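Trainee: mmCIF, C-alpha atoms and all ligand atoms, saved as work_4.cif, coming up:
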```
data_structure
loop_
_atom_site.group_PDB
_atom_site.id
_atom_site.type_symbol
_atom_site.label_atom_id
_atom_site.label_comp_id
_atom_site.auth_asym_id
_atom_site.auth_seq_id
_atom_site.Cartn_x
_atom_site.Cartn_y
_atom_site.Cartn_z
ATOM 1 C CA MET A 1 7.236 -13.569 11.654
ATOM 2 C CA GLU A 2 6.247 -10.286 13.295
ATOM 3 C CA VAL A 3 3.402 -8.408 11.597
ATOM 4 C CA LYS A 4 3.499 -4.649 12.129
ATOM 5 C CA ALA A 5 0.328 -2.605 12.447
ATOM 6 C CA ASN A 6 1.056 -0.384 9.457
ATOM 7 C CA GLU A 7 2.532 -3.033 7.208
ATOM 8 C CA PHE A 8 0.528 -4.938 4.607
ATOM 9 C CA SER A 9 1.605 -7.633 2.180
ATOM 10 C CA ASN A 10 0.534 -9.999 -0.532
ATOM 11 C CA GLY A 11 2.619 -12.577 -2.376
ATOM 12 C CA ASP A 12 4.552 -9.940 -4.347
ATOM 13 C CA ILE A 13 4.857 -6.778 -2.308
ATOM 14 C CA VAL A 14 5.029 -5.261 1.179
ATOM 15 C CA VAL A 15 3.344 -1.883 1.670
ATOM 16 C CA THR A 16 4.103 0.332 4.660
ATOM 17 C CA TYR A 17 2.155 3.319 5.892
ATOM 18 C CA ASP A 18 3.494 6.074 8.143
ATOM 19 C CA PRO A 19 0.560 7.949 9.724
ATOM 20 C CA CYS A 20 2.906 10.722 10.931
ATOM 21 C CA LYS A 21 3.677 11.648 7.319
ATOM 22 C CA CYS A 22 0.180 11.249 5.851
ATOM 23 C CA THR A 23 -1.412 14.571 4.928
ATOM 24 C CA LEU A 24 -4.837 12.938 4.561
ATOM 25 C CA SER A 25 -5.055 14.065 0.959
ATOM 26 C CA GLY A 26 -7.358 11.126 0.209
ATOM 27 C CA ILE A 27 -5.722 10.568 -3.176
ATOM 28 C CA CYS A 28 -5.075 6.877 -2.545
ATOM 29 C CA ALA A 29 -8.662 6.078 -1.498
ATOM 30 C CA LYS A 30 -10.131 8.207 -4.263
ATOM 31 C CA GLU A 31 -8.015 6.827 -7.104
ATOM 32 C CA LEU A 32 -7.752 3.182 -5.979
ATOM 33 C CA SER A 33 -10.632 2.475 -3.627
ATOM 34 C CA GLU A 34 -10.390 -1.311 -4.178
ATOM 35 C CA VAL A 35 -7.145 -1.230 -2.190
ATOM 36 C CA PHE A 36 -7.107 1.905 -0.030
ATOM 37 C CA SER A 37 -10.098 2.760 2.142
ATOM 38 C CA ASP A 38 -10.766 5.749 4.338
ATOM 39 C CA SER A 39 -13.499 3.930 6.262
ATOM 40 C CA ILE A 40 -12.757 0.186 6.518
ATOM 41 C CA ILE A 41 -10.181 -1.431 8.823
ATOM 42 C CA PRO A 42 -7.777 -2.779 7.702
ATOM 43 C CA TRP A 43 -7.643 0.119 5.322
ATOM 44 C CA VAL A 44 -5.152 -1.429 2.891
ATOM 45 C CA ASN A 45 -6.371 -4.571 1.109
ATOM 46 C CA LEU A 46 -3.789 -5.771 -1.375
ATOM 47 C CA ASP A 47 -5.873 -8.723 -2.563
ATOM 48 C CA ASN A 48 -8.117 -6.729 -4.859
ATOM 49 C CA THR A 49 -5.744 -5.339 -7.497
ATOM 50 C CA ASP A 50 -2.587 -6.387 -9.281
ATOM 51 C CA THR A 51 0.766 -5.328 -7.904
ATOM 52 C CA ASP A 52 1.726 -3.012 -10.774
ATOM 53 C CA ARG A 53 -1.376 -0.914 -10.212
ATOM 54 C CA ILE A 54 -0.727 -0.753 -6.451
ATOM 55 C CA VAL A 55 2.860 0.418 -7.059
ATOM 56 C CA GLU A 56 1.656 3.061 -9.507
ATOM 57 C CA GLN A 57 -0.767 4.403 -6.900
ATOM 58 C CA ILE A 58 1.792 4.419 -4.075
ATOM 59 C CA GLU A 59 4.101 6.495 -6.255
ATOM 60 C CA ARG A 60 1.350 9.117 -6.443
ATOM 61 C CA CYS A 61 1.203 9.564 -2.640
ATOM 62 C CA PRO A 62 2.262 13.202 -2.192
ATOM 63 C CA SER A 63 3.577 12.877 1.384
ATOM 64 C CA GLY A 64 5.664 9.727 1.159
ATOM 65 C CA ALA A 65 3.497 8.083 3.836
ATOM 66 C CA LEU A 66 3.006 5.049 1.604
ATOM 67 C CA LYS A 67 6.046 3.054 0.611
ATOM 68 C CA TYR A 68 6.544 -0.403 -0.846
ATOM 69 C CA PHE A 69 9.166 -2.988 -1.474
ATOM 70 C CA LEU A 70 8.960 -6.035 -3.674
ATOM 71 C CA LYS A 71 9.404 -9.451 -2.092
ATOM 72 C CA GLN A 72 12.264 -11.572 -3.327
ATOM 73 C CA LYS A 73 11.053 -14.497 -5.383
ATOM 74 C CA ASP A 74 12.665 -17.836 -4.658
ATOM 75 C CA VAL A 75 14.952 -18.795 -7.517
ATOM 76 C CA ALA A 76 14.803 -22.522 -8.186
HETATM 77 S S1 LIG A 101 -2.228 9.413 -0.776
HETATM 78 FE FE1 LIG A 101 -0.652 9.394 0.846
HETATM 79 S S2 LIG A 101 -0.949 11.350 1.901
HETATM 80 FE FE2 LIG A 101 -2.815 10.968 0.753
HETATM 81 S S3 LIG A 101 -4.199 9.894 2.187
HETATM 82 FE FE3 LIG A 101 -3.086 8.334 1.015
HETATM 83 S S4 LIG A 101 -1.324 7.851 2.314
HETATM 84 FE FE4 LIG A 101 -2.108 9.814 3.044
#
```
Go ahead and render the structure in this file as structure tokens.
Ligand code: SF4

Mentor:
Amino acid sequence: MEVKANEFSNGDIVVTYDPCKCTLSGICAKELSEVFSDSIIPWVNLDNTDTDRIVEQIERCPSGALKYFLKQKDVA
């Protein structure tokens, strides 16, 4: 599977980042520094926080640069 440079995922969610839209407000790194960093590459680390909290933070991004979609769970 192709992995895109500005796409990040864990078992539950895929997060995308569009640098052309980002206004560098710093809100994501300030409010959820366990996941979003303004100094470490890769700057999105989804392993440190639960998915609900990540979604809540993405919805606070004022520019729409951060987006997410939930992965489909296999139904047995
Ligand atoms: S909250 Fe959104 S606009 Fe602000 S730095 Fe993060 S990605 Fe960029």

Trainee: To check your reading of the model: which residues sit at most 12 Å from ligand LIG 101 (chain A) when counting all atoms listed in the file? Write the answer as an mmCIF file with C-alpha atoms, in the frame of the given file.

Mentor:
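Output (out_14.cif):
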```
data_model
loop_
_atom_site.group_PDB
_atom_site.id
_atom_site.type_symbol
_atom_site.label_atom_id
_atom_site.label_comp_id
_atom_site.auth_asym_id
_atom_site.auth_seq_id
_atom_site.Cartn_x
_atom_site.Cartn_y
_atom_site.Cartn_z
ATOM 1 C CA ASN A 6 1.056 -0.384 9.457
ATOM 2 C CA VAL A 15 3.344 -1.883 1.670
ATOM 3 C CA THR A 16 4.103 0.332 4.660
ATOM 4 C CA TYR A 17 2.155 3.319 5.892
ATOM 5 C CA ASP A 18 3.494 6.074 8.143
ATOM 6 C CA PRO A 19 0.560 7.949 9.724
ATOM 7 C CA CYS A 20 2.906 10.722 10.931
ATOM 8 C CA LYS A 21 3.677 11.648 7.319
ATOM 9 C CA CYS A 22 0.180 11.249 5.851
ATOM 10 C CA THR A 23 -1.412 14.571 4.928
ATOM 11 C CA LEU A 24 -4.837 12.938 4.561
ATOM 12 C CA SER A 25 -5.055 14.065 0.959
ATOM 13 C CA GLY A 26 -7.358 11.126 0.209
ATOM 14 C CA ILE A 27 -5.722 10.568 -3.176
ATOM 15 C CA CYS A 28 -5.075 6.877 -2.545
ATOM 16 C CA ALA A 29 -8.662 6.078 -1.498
ATOM 17 C CA LYS A 30 -10.131 8.207 -4.263
ATOM 18 C CA GLU A 31 -8.015 6.827 -7.104
ATOM 19 C CA LEU A 32 -7.752 3.182 -5.979
ATOM 20 C CA SER A 33 -10.632 2.475 -3.627
ATOM 21 C CA VAL A 35 -7.145 -1.230 -2.190
ATOM 22 C CA PHE A 36 -7.107 1.905 -0.030
ATOM 23 C CA SER A 37 -10.098 2.760 2.142
ATOM 24 C CA ASP A 38 -10.766 5.749 4.338
ATOM 25 C CA SER A 39 -13.499 3.930 6.262
ATOM 26 C CA TRP A 43 -7.643 0.119 5.322
ATOM 27 C CA VAL A 44 -5.152 -1.429 2.891
ATOM 28 C CA ILE A 54 -0.727 -0.753 -6.451
ATOM 29 C CA GLU A 56 1.656 3.061 -9.507
ATOM 30 C CA GLN A 57 -0.767 4.403 -6.900
ATOM 31 C CA ILE A 58 1.792 4.419 -4.075
ATOM 32 C CA GLU A 59 4.101 6.495 -6.255
ATOM 33 C CA ARG A 60 1.350 9.117 -6.443
ATOM 34 C CA CYS A 61 1.203 9.564 -2.640
ATOM 35 C CA PRO A 62 2.262 13.202 -2.192
ATOM 36 C CA SER A 63 3.577 12.877 1.384
ATOM 37 C CA GLY A 64 5.664 9.727 1.159
ATOM 38 C CA ALA A 65 3.497 8.083 3.836
ATOM 39 C CA LEU A 66 3.006 5.049 1.604
ATOM 40 C CA LYS A 67 6.046 3.054 0.611
ATOM 41 C CA TYR A 68 6.544 -0.403 -0.846
#
```

Trainee: If we count only C-alpha atoms and set the cut-off at 10 Å, which residues sit around A:Lys71, ignoring sequence neighbours fewer than 5 positions away in its own chain? Please answer as a PyMOL selection string.

Mentor: chain A and resi 9-14

Trainee: To test the calculation: enclose all listed atoms of stretch 35-53 of chain A in a box whose edges run along x, y and z, add 3 Å on each side, then state centre and edge lengths in Å to one decimal, as JSON.

Mentor:
```
{"center_x": -5.9, "center_y": -1.5, "center_z": -1.0, "size_x": 21.2, "size_y": 20.5, "size_z": 25.6}
```

Trainee: Considering only C-alpha atoms, can you say which of A:Gln72, A:Val55, A:Glu34, A:Asn45 comes closest to A:Glu7?

Mentor: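 Among A:Gln72, A:Val55, A:Glu34, A:Asn45, it is A:Asn45 that comes nearest to A:Glu7.
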